[in-house]
file upload.csv (CSV, C-alpha atoms)
chain,number,residue,atom,x,y,z
P,1,MET,CA,88.2,113.5,99.2
P,2,SER,CA,89.0,117.1,100.2
P,3,PHE,CA,87.5,120.3,98.9
P,4,PHE,CA,90.8,121.0,97.1
P,5,ASP,CA,90.8,117.6,95.3
P,6,LYS,CA,87.4,118.5,94.0
P,7,LEU,CA,88.4,122.0,93.1
P,8,PHE,CA,91.4,120.8,91.0
P,9,GLY,CA,89.3,117.9,89.5
P,10,ARG,CA,91.5,115.2,91.1
P,11,LYS,CA,89.9,111.7,91.0
P,12,ASN,CA,88.8,110.4,94.4
P,13,SER,CA,91.0,107.8,96.0
P,14,ALA,CA,88.4,104.9,95.9
P,15,ASP,CA,88.2,105.2,92.1
P,16,SER,CA,92.0,105.1,91.9
P,17,ALA,CA,92.1,102.0,94.1
P,18,LYS,CA,89.5,100.2,92.0
P,19,GLU,CA,91.2,101.0,88.7
P,20,ARG,CA,94.6,100.0,90.0
P,21,LEU,CA,93.2,96.8,91.5
P,22,GLN,CA,91.5,95.9,88.2
P,23,LEU,CA,94.8,95.9,86.4
P,24,VAL,CA,96.7,94.2,89.1
P,25,LEU,CA,94.1,91.4,89.4
P,26,ILE,CA,94.2,90.7,85.7
P,27,HIS,CA,97.9,90.3,85.8
P,28,ASP,CA,97.8,88.1,89.0
P,29,ARG,CA,95.0,85.9,87.5
P,30,THR,CA,96.5,85.4,84.1
P,31,ASP,CA,100.2,85.4,85.1
P,32,LEU,CA,100.8,87.8,82.2
P,33,THR,CA,102.9,90.9,82.8
P,34,PRO,CA,102.3,94.1,80.9
P,35,ALA,CA,105.5,93.4,78.9
P,36,GLU,CA,104.4,89.9,78.0
P,37,LEU,CA,101.0,91.2,76.9
P,38,GLU,CA,102.8,93.8,74.7
P,39,SER,CA,104.9,91.1,73.0
P,40,LEU,CA,101.8,88.9,72.5
P,41,ARG,CA,100.2,91.9,70.8
P,42,ASP,CA,103.2,92.4,68.5
P,43,ASP,CA,103.2,88.7,67.6
P,44,LEU,CA,99.5,88.9,66.8
P,45,VAL,CA,99.9,91.9,64.6
P,46,ALA,CA,102.8,90.3,62.7
P,47,THR,CA,100.9,87.1,62.1
P,48,ILE,CA,97.7,88.8,60.9
P,49,SER,CA,99.6,91.2,58.8
P,50,ARG,CA,101.0,88.3,56.7
P,51,HIS,CA,97.5,87.6,55.5
P,52,VAL,CA,95.6,90.8,55.5
P,53,GLU,CA,96.5,94.5,55.9
P,54,ILE,CA,95.3,95.9,59.2
P,55,ASP,CA,95.0,99.3,60.8
P,56,VAL,CA,97.4,99.0,63.7
P,57,THR,CA,96.8,102.5,65.0
P,58,ALA,CA,93.1,101.8,65.4
P,59,MET,CA,93.3,98.4,67.0
P,60,GLN,CA,92.2,97.6,70.5
P,61,PHE,CA,93.9,94.8,72.5
P,62,GLY,CA,93.7,93.8,76.1
P,63,VAL,CA,92.4,91.5,78.8
P,64,GLU,CA,88.9,91.9,80.1
P,65,HIS,CA,87.3,90.1,83.0
P,66,ASP,CA,83.9,88.5,83.1
P,67,GLY,CA,83.2,87.4,86.6
P,68,ARG,CA,86.2,85.4,87.7
P,69,SER,CA,87.3,84.4,84.1
P,70,GLN,CA,89.5,86.5,81.9
P,71,ARG,CA,89.4,86.8,78.2
P,72,LEU,CA,91.8,88.3,75.7
P,73,VAL,CA,89.9,90.8,73.6
P,74,ALA,CA,91.3,92.1,70.3
P,75,ASP,CA,89.4,94.4,67.9
P,76,ILE,CA,91.5,94.7,64.8
P,77,PRO,CA,90.2,96.9,61.9
P,78,ILE,CA,91.1,95.5,58.4
P,79,LYS,CA,92.0,98.1,55.8
P,80,ASN,CA,89.4,98.4,53.1
P,81,ALA,CA,90.4,96.2,50.0
P,82,ALA,CA,89.2,98.9,47.5
P,83,ARG,CA,91.3,101.5,49.2
P,84,ARG,CA,94.2,99.2,49.4
P,85,ARG,CA,94.0,98.5,45.6
P,86,ALA,CA,93.8,102.3,45.0
P,87,SER,CA,96.8,103.0,47.1
P,88,ARG,CA,98.7,100.2,45.4
P,89,LYS,CA,97.8,101.7,42.0
P,90,SER,CA,98.9,105.2,43.0
P,91,ARG,CA,102.1,103.8,44.3
P,92,ALA,CA,102.6,101.9,40.9
P,93,LYS,CA,102.4,105.1,38.9
R,1,MET,CA,73.0,65.9,111.3
R,2,PRO,CA,76.7,65.9,110.8
R,3,ALA,CA,78.5,69.2,111.4
R,4,GLN,CA,79.2,71.9,108.8
R,5,VAL,CA,82.9,72.5,108.6
R,6,ILE,CA,83.8,76.2,107.9
R,7,THR,CA,87.3,77.5,107.5
R,8,VAL,CA,87.9,81.3,107.8
R,9,THR,CA,90.9,82.6,105.8
R,10,SER,CA,92.1,85.7,104.1
R,11,GLY,CA,95.6,85.6,102.6
R,12,LYS,CA,96.7,88.9,104.2
R,13,GLY,CA,97.2,89.0,108.0
R,14,GLY,CA,95.4,91.4,110.3
R,15,VAL,CA,92.1,91.7,108.4
R,16,GLY,CA,90.1,90.1,111.2
R,17,LYS,CA,90.1,86.4,110.7
R,18,THR,CA,90.4,85.4,114.3
R,19,THR,CA,87.9,88.0,115.4
R,20,ALA,CA,85.5,86.8,112.7
R,21,VAL,CA,85.8,83.2,114.0
R,22,ALA,CA,85.3,84.2,117.6
R,23,ASN,CA,82.3,86.3,116.8
R,24,LEU,CA,80.7,83.7,114.5
R,25,ALA,CA,81.3,81.0,117.1
R,26,VAL,CA,79.7,83.1,119.9
R,27,ALA,CA,76.7,84.0,117.6
R,28,LEU,CA,76.1,80.4,116.6
R,29,ALA,CA,76.5,79.0,120.1
R,30,SER,CA,74.2,81.7,121.6
R,31,ASN,CA,71.6,80.6,119.0
R,32,GLY,CA,71.7,77.0,120.3
R,33,SER,CA,74.1,75.4,117.9
R,34,LYS,CA,77.0,73.3,119.3
R,35,VAL,CA,80.2,74.8,118.0
R,36,VAL,CA,83.8,73.7,118.1
R,37,CYS,CA,86.5,76.2,117.1
R,38,ILE,CA,89.9,75.1,116.0
R,39,ASP,CA,92.8,77.5,116.1
R,40,GLY,CA,94.8,76.5,113.0
R,41,ASP,CA,97.6,79.0,113.5
R,42,ILE,CA,100.2,76.7,115.1
R,43,GLY,CA,102.9,78.7,116.9
R,44,LEU,CA,100.9,81.9,116.9
R,45,ARG,CA,98.0,81.0,119.1
R,46,ASN,CA,95.4,83.7,119.4
R,47,LEU,CA,91.8,82.5,119.3
R,48,ASP,CA,92.0,81.6,123.0
R,49,VAL,CA,92.6,85.2,124.1
R,50,ILE,CA,90.0,86.6,121.8
R,51,LEU,CA,87.5,84.2,123.3
R,52,GLY,CA,88.7,84.8,126.8
R,53,LEU,CA,89.7,81.1,127.3
R,54,GLU,CA,93.5,81.6,127.6
R,55,ASN,CA,93.7,80.5,131.3
R,56,ARG,CA,91.9,77.2,130.7
R,57,ILE,CA,94.3,75.6,128.3
R,58,VAL,CA,95.8,72.2,129.3
R,59,TYR,CA,96.1,70.3,126.0
R,60,ASP,CA,96.3,71.6,122.4
R,61,ILE,CA,95.8,70.4,118.9
R,62,VAL,CA,99.3,68.9,118.5
R,63,ASP,CA,98.8,67.0,121.7
R,64,VAL,CA,95.7,65.4,120.2
R,65,ILE,CA,97.4,64.7,116.9
R,66,GLU,CA,100.5,63.1,118.6
R,67,GLY,CA,98.3,61.1,120.9
R,68,ARG,CA,99.2,62.7,124.2
R,69,CYS,CA,95.5,63.2,125.0
R,70,ARG,CA,92.1,62.4,123.8
R,71,LEU,CA,90.2,64.8,121.6
R,72,LYS,CA,87.6,65.5,124.3
R,73,GLN,CA,90.4,66.5,126.7
R,74,ALA,CA,91.7,69.2,124.4
R,75,MET,CA,88.2,70.7,123.9
R,76,ILE,CA,87.9,73.7,126.3
R,77,LYS,CA,84.3,74.4,127.2
R,78,ASP,CA,83.3,78.1,127.5
R,79,LYS,CA,81.6,78.5,130.9
R,80,LYS,CA,79.5,81.4,129.7
R,81,LEU,CA,78.4,79.5,126.6
R,82,PRO,CA,78.4,75.8,127.3
R,83,ASN,CA,77.7,75.1,123.6
R,84,LEU,CA,81.0,76.7,122.6
R,85,HIS,CA,84.3,74.7,122.6
R,86,LEU,CA,87.8,75.6,121.6
R,87,ILE,CA,90.7,73.4,120.5
R,88,PRO,CA,93.7,75.7,120.9
R,89,ALA,CA,96.8,75.9,118.7
R,90,ALA,CA,100.1,74.7,120.0
R,91,GLN,CA,102.2,77.7,120.9
R,92,THR,CA,105.7,76.1,121.1
R,93,ARG,CA,105.5,74.1,117.9
R,94,ASP,CA,105.4,75.2,114.2
R,95,LYS,CA,103.1,74.4,111.4
R,96,ASN,CA,105.0,71.4,110.3
R,97,ALA,CA,103.7,69.6,113.4
R,98,VAL,CA,100.4,69.2,111.6
R,99,SER,CA,99.5,67.8,108.2
R,100,ALA,CA,96.4,68.0,106.1
R,101,SER,CA,95.5,64.4,106.8
R,102,ASP,CA,95.9,65.1,110.5
R,103,MET,CA,93.4,67.9,110.2
R,104,ASN,CA,91.0,65.7,108.1
R,105,ARG,CA,91.2,62.9,110.7
R,106,LEU,CA,90.6,65.3,113.7
R,107,VAL,CA,87.7,67.0,112.0
R,108,LYS,CA,86.1,63.7,111.0
R,109,ASP,CA,85.9,62.8,114.6
R,110,LEU,CA,84.3,66.1,115.5
R,111,ARG,CA,81.6,66.0,112.8
R,112,SER,CA,79.3,63.8,114.8
R,113,GLU,CA,79.9,65.7,118.0
R,114,CYS,CA,78.6,69.2,117.0
R,115,ASP,CA,76.7,71.4,114.5
R,116,PHE,CA,79.6,73.6,113.4
R,117,VAL,CA,83.3,73.2,113.3
R,118,LEU,CA,85.0,76.7,112.7
R,119,ILE,CA,88.6,76.6,111.7
R,120,ASP,CA,90.7,79.8,112.0
R,121,SER,CA,93.4,79.6,109.3
R,122,PRO,CA,96.8,81.3,109.6
R,123,ALA,CA,97.5,84.2,107.2
R,124,GLY,CA,99.4,83.3,104.0
R,125,ILE,CA,98.9,80.6,101.4
R,126,GLU,CA,101.5,78.1,102.8
R,127,ARG,CA,101.2,74.8,104.6
R,128,GLY,CA,99.1,76.1,107.6
R,129,PHE,CA,96.5,77.6,105.2
R,130,LYS,CA,96.4,74.3,103.2
R,131,ASN,CA,95.9,72.3,106.4
R,132,ALA,CA,93.1,74.6,107.5
R,133,ILE,CA,91.2,74.4,104.2
R,134,ALA,CA,91.7,70.6,103.8
R,135,PRO,CA,88.7,69.5,105.9
R,136,ALA,CA,86.4,72.5,105.0
R,137,ASP,CA,82.9,72.1,103.5
R,138,ARG,CA,82.8,75.8,103.1
R,139,VAL,CA,85.4,78.6,103.1
R,140,LEU,CA,84.8,82.1,104.2
R,141,VAL,CA,87.3,84.7,102.9
R,142,VAL,CA,87.7,87.8,105.1
R,143,THR,CA,89.0,91.0,103.5
R,144,ASN,CA,89.1,94.7,104.2
R,145,PRO,CA,88.1,97.4,101.6
R,146,GLU,CA,91.7,98.1,100.9
R,147,VAL,CA,94.0,97.4,98.0
R,148,SER,CA,96.4,94.9,99.5
R,149,ALA,CA,93.7,92.9,101.4
R,150,VAL,CA,91.5,92.7,98.2
R,151,ARG,CA,94.5,91.6,96.1
R,152,ASP,CA,95.4,88.8,98.6
R,153,ALA,CA,91.8,87.7,98.9
R,154,ASP,CA,91.7,87.3,95.1
R,155,ARG,CA,94.8,85.1,95.2
R,156,VAL,CA,93.2,82.9,98.0
R,157,ILE,CA,89.9,82.7,96.0
R,158,GLY,CA,92.0,81.5,93.0
R,159,ILE,CA,93.7,78.8,95.1
R,160,LEU,CA,90.4,77.7,96.5
R,161,GLU,CA,89.0,77.3,93.0
R,162,ALA,CA,92.1,75.4,91.9
R,163,GLU,CA,91.8,73.0,94.9
R,164,ASP,CA,88.0,72.4,94.3
R,165,LYS,CA,87.0,74.1,97.5
R,166,GLY,CA,84.5,76.3,95.7
R,167,PRO,CA,85.1,80.0,95.3
R,168,GLY,CA,84.4,80.8,99.0
R,169,ALA,CA,82.1,83.3,100.4
R,170,LEU,CA,83.3,86.8,101.2
R,171,ILE,CA,83.2,88.8,104.5
R,172,ILE,CA,84.0,92.5,103.9
R,173,ASN,CA,85.3,93.5,107.3
R,174,ARG,CA,86.0,97.0,108.8
R,175,LEU,CA,84.0,98.9,106.2
R,176,ASN,CA,83.8,102.6,107.2
R,177,PRO,CA,80.6,104.0,105.8
R,178,ILE,CA,81.8,107.6,106.2
R,179,LEU,CA,85.0,107.0,104.2
R,180,VAL,CA,82.9,105.2,101.5
R,181,LYS,CA,80.6,108.2,101.3
R,182,LYS,CA,83.6,110.5,100.9
R,183,GLN,CA,84.8,108.1,98.1
R,184,ASP,CA,88.0,107.5,100.0
R,185,MET,CA,87.3,103.8,100.6
R,186,LEU,CA,86.3,101.0,98.2
R,187,SER,CA,82.6,100.3,98.7
R,188,ALA,CA,81.2,96.8,99.2
R,189,ASP,CA,80.0,96.9,95.6
R,190,ASP,CA,83.5,97.8,94.3
R,191,VAL,CA,85.0,94.9,96.2
R,192,LEU,CA,82.4,92.5,94.9
R,193,ASP,CA,82.8,93.8,91.4
R,194,LEU,CA,86.6,93.1,91.6
R,195,LEU,CA,86.4,89.7,93.3
R,196,ALA,CA,83.2,88.4,91.7
R,197,VAL,CA,82.3,86.0,94.5
R,198,GLU,CA,79.3,85.4,96.8
R,199,LEU,CA,79.0,87.9,99.6
R,200,ILE,CA,78.1,86.5,103.1
R,201,GLY,CA,78.5,89.6,105.2
R,202,ILE,CA,79.6,93.2,105.5
R,203,VAL,CA,80.9,94.2,108.9
R,204,PRO,CA,81.2,97.9,109.7
R,205,GLU,CA,84.3,99.3,111.5
R,206,ASP,CA,83.4,99.4,115.2
R,207,GLU,CA,85.5,100.2,118.3
R,208,GLY,CA,83.5,97.7,120.1
R,209,VAL,CA,85.4,94.9,118.4
R,210,LEU,CA,88.6,96.0,120.0
R,211,VAL,CA,86.9,96.5,123.4
R,212,GLY,CA,85.5,93.0,123.1
R,213,SER,CA,88.9,91.5,122.3
R,214,ASN,CA,90.4,93.4,125.2
R,215,ARG,CA,87.9,91.8,127.6
R,216,GLY,CA,87.9,88.4,125.9
R,217,MET,CA,84.2,88.8,125.1
R,218,PRO,CA,83.4,88.9,121.4
R,219,VAL,CA,81.2,91.8,120.4
R,220,SER,CA,78.5,89.5,118.8
R,221,ALA,CA,77.3,88.9,122.4
R,222,ASP,CA,76.5,92.7,122.6
R,223,PRO,CA,73.0,93.3,121.3
R,224,LYS,CA,73.7,97.0,120.7
R,225,SER,CA,76.9,96.6,118.6
R,226,ARG,CA,76.6,97.2,114.9
R,227,ALA,CA,79.5,94.9,114.1
R,228,GLY,CA,78.0,92.3,116.5
R,229,GLN,CA,74.7,92.5,114.5
R,230,ALA,CA,76.6,92.0,111.3
R,231,PHE,CA,78.3,88.9,112.7
R,232,ARG,CA,75.0,87.6,114.1
R,233,ASN,CA,73.5,88.0,110.6
R,234,ILE,CA,76.4,86.0,109.0
R,235,ALA,CA,75.8,83.3,111.6
R,236,ARG,CA,72.1,83.1,110.6
R,237,ARG,CA,73.1,83.0,106.9
R,238,LEU,CA,75.5,80.0,107.7
R,239,LYS,CA,72.4,78.3,109.1
R,240,GLY,CA,70.7,78.8,105.7
R,241,GLU,CA,68.5,81.7,106.7
R,242,GLU,CA,67.9,84.6,104.2
R,243,VAL,CA,68.9,87.8,106.1
R,244,PRO,CA,69.0,91.2,104.4
R,245,PHE,CA,72.3,93.1,104.5
R,246,LEU,CA,72.6,95.9,107.1
R,247,ASP,CA,71.9,99.4,106.0
R,248,LEU,CA,75.2,100.8,107.1
R,249,ASP,CA,74.3,104.4,106.6
R,250,SER,CA,71.9,104.3,109.6
R,251,GLY,CA,75.0,103.4,111.6
R,252,VAL,CA,76.5,106.8,111.1
R,253,SER,CA,76.0,108.8,114.3
R,254,LEU,CA,73.9,111.9,114.4
R,255,TRP,CA,77.0,114.0,115.2
R,256,GLU,CA,78.8,112.6,112.1
R,257,ARG,CA,75.7,113.4,110.0
R,258,ILE,CA,75.7,117.0,111.3
R,259,GLN,CA,79.4,117.3,110.5
R,260,LYS,CA,78.8,115.9,107.1
R,261,LEU,CA,75.9,118.3,106.5
R,262,ALA,CA,78.2,121.2,107.6
R,263,GLY,CA,80.7,120.0,105.1
R,264,ARG,CA,83.3,119.2,107.7
R,265,LYS,CA,83.7,115.5,106.8
call {"tool": "encode", "arguments": {"input": "upload.csv", "output": "structure tokens"}}
result
Amino acid sequence: MSFFDKLFGRKNSADSAKERLQLVLIHDRTDLTPAELESLRDDLVATISRHVEIDVTAMQFGVEHDGRSQRLVADIPIKNAARRRASRKSRAK
Amino acid sequence: MPAQVITVTSGKGGVGKTTAVANLAVALASNGSKVVCIDGDIGLRNLDVILGLENRIVYDIVDVIEGRCRLKQAMIKDKKLPNLHLIPAAQTRDKNAVSASDMNRLVKDLRSECDFVLIDSPAGIERGFKNAIAPADRVLVVTNPEVSAVRDADRVIGILEAEDKGPGALIINRLNPILVKKQDMLSADDVLDLLAVELIGIVPEDEGVLVGSNRGMPVSADPKSRAGQAFRNIARRLKGEEVPFLDLDSGVSLWERIQKLAGRK
């Protein structure tokens, strides 16, 4: 990494290599393209939303690796029921 | 005791499979083990030149498989290391001349003859690779600290797991400690983190490896070479010894350290 890279706060190339490889390996190992992952996410949101109201903007969704095995990790906040009732009431008025 | 059969593979070409096989063979044979190397790269014969045995070839692996000679006749004995033998690849045939069951049969006959059978796999994940891993008890995956080599190594490790060959053990070859220090090369830890397999050796980049190939004398015979030391350590690990990994920083020359201190590198 050159002096100028450091000066302008550019990331060193080994870190870029590692980050890029992490993503590539997840896709190679799972045979899931980023587009397929996106559509899986949308299906998941649609299914869960039929049962409970969720906060889509705050949800986290992705593939994580644990050694050589991959897992799908979703963290989906459910909207508070009291608040939901309140917002329904205010809408009803 | 029957031989341990070890296949060296990588996915990507040019990462140092053949050099690794030659160096491990020399290191094991110098240590008293009887070693037979098999060049599994049919049509692209190379292990013979790296070992300096290219002028001694009469019969090759396809001659044995097709019954034109006996196994013993195709085994070239290294005059410098009488414990070391090579079964060369055929140069004028292609990979379809050999099947996985041919390899299994050939290696079965060798098991009682020696301590180690080392198989040099061709690059790729096609038939030649499948033939090379078929008889293996253990597979070593060679990679370089570089994006394409690591990605291909991951594919190969995945295939080895799917074929019940175990995950394989990793050799990180051509690691340049100065580039790692400058954070312009993946470190051994980075590569291990990504691939999540057992490590069996880290070999530093070393001009001596090329010089050794030029002369047909693998660098593991040179007691002063750093890469040679790394290969000798892998050979000892294959024999079941616990050998600590090299401190690669001490391999950085004084001049390079001065340059680094002066902020030039």
call {"tool": "residues_around", "arguments": {"input": "upload.csv", "residues": "stretch 68-80 of chain P", "least_positions_apart": "3", "cutoff": "7 Å", "atoms": "all atoms listed in the file", "output": "VMD selection string"}}
result
(chain P and resid 53 to 55 58 to 65 83 to 84) or (chain R and resid 196)
call {"tool": "closest_atom_pairs", "arguments": {"input": "upload.csv", "of": "chain P", "to": "chain R", "cutoff": "7 Å", "atoms": "all atoms listed in the file", "output": "Markdown table"}}
result
| residue | atom | partner | partner_atom | distance |
| --- | --- | --- | --- | --- |
| P:Met1 | CA | R:Lys182 | CA | 5.7 |
| P:Asn12 | CA | R:Gln183 | CA | 5.9 |
| P:Ser13 | CA | R:Asp184 | CA | 5.0 |
| P:Ala14 | CA | R:Asp184 | CA | 4.9 |
| P:Ala17 | CA | R:Val147 | CA | 6.3 |
| P:Lys18 | CA | R:Asp190 | CA | 6.9 |
| P:Leu21 | CA | R:Val147 | CA | 6.6 |
| P:Gln22 | CA | R:Leu194 | CA | 6.6 |
| P:Leu25 | CA | R:Arg151 | CA | 6.7 |
| P:Gly67 | CA | R:Ala196 | CA | 5.2 |
| P:Arg68 | CA | R:Ala196 | CA | 5.8 |
call {"tool": "atom_distance", "arguments": {"input": "upload.csv", "atom1": "atom CA of R:Gly32", "atom2": "atom CA of R:Arg105"}}
result
25.9 Å
call {"tool": "closest_residue", "arguments": {"input": "upload.csv", "among": "R:Arg174, R:Arg215, R:Arg56, R:Lys224", "to": "R:Lys79", "atoms": "only C-alpha atoms"}}
result
R:Arg56
call {"tool": "residues_around", "arguments": {"input": "upload.csv", "residues": "R:Ala230", "least_positions_apart": "4", "cutoff": "9 Å", "atoms": "all atoms listed in the file", "output": "MDAnalysis selection string"}}
result
chainID R and resid 201:204 220 225:226 234:235 245:246
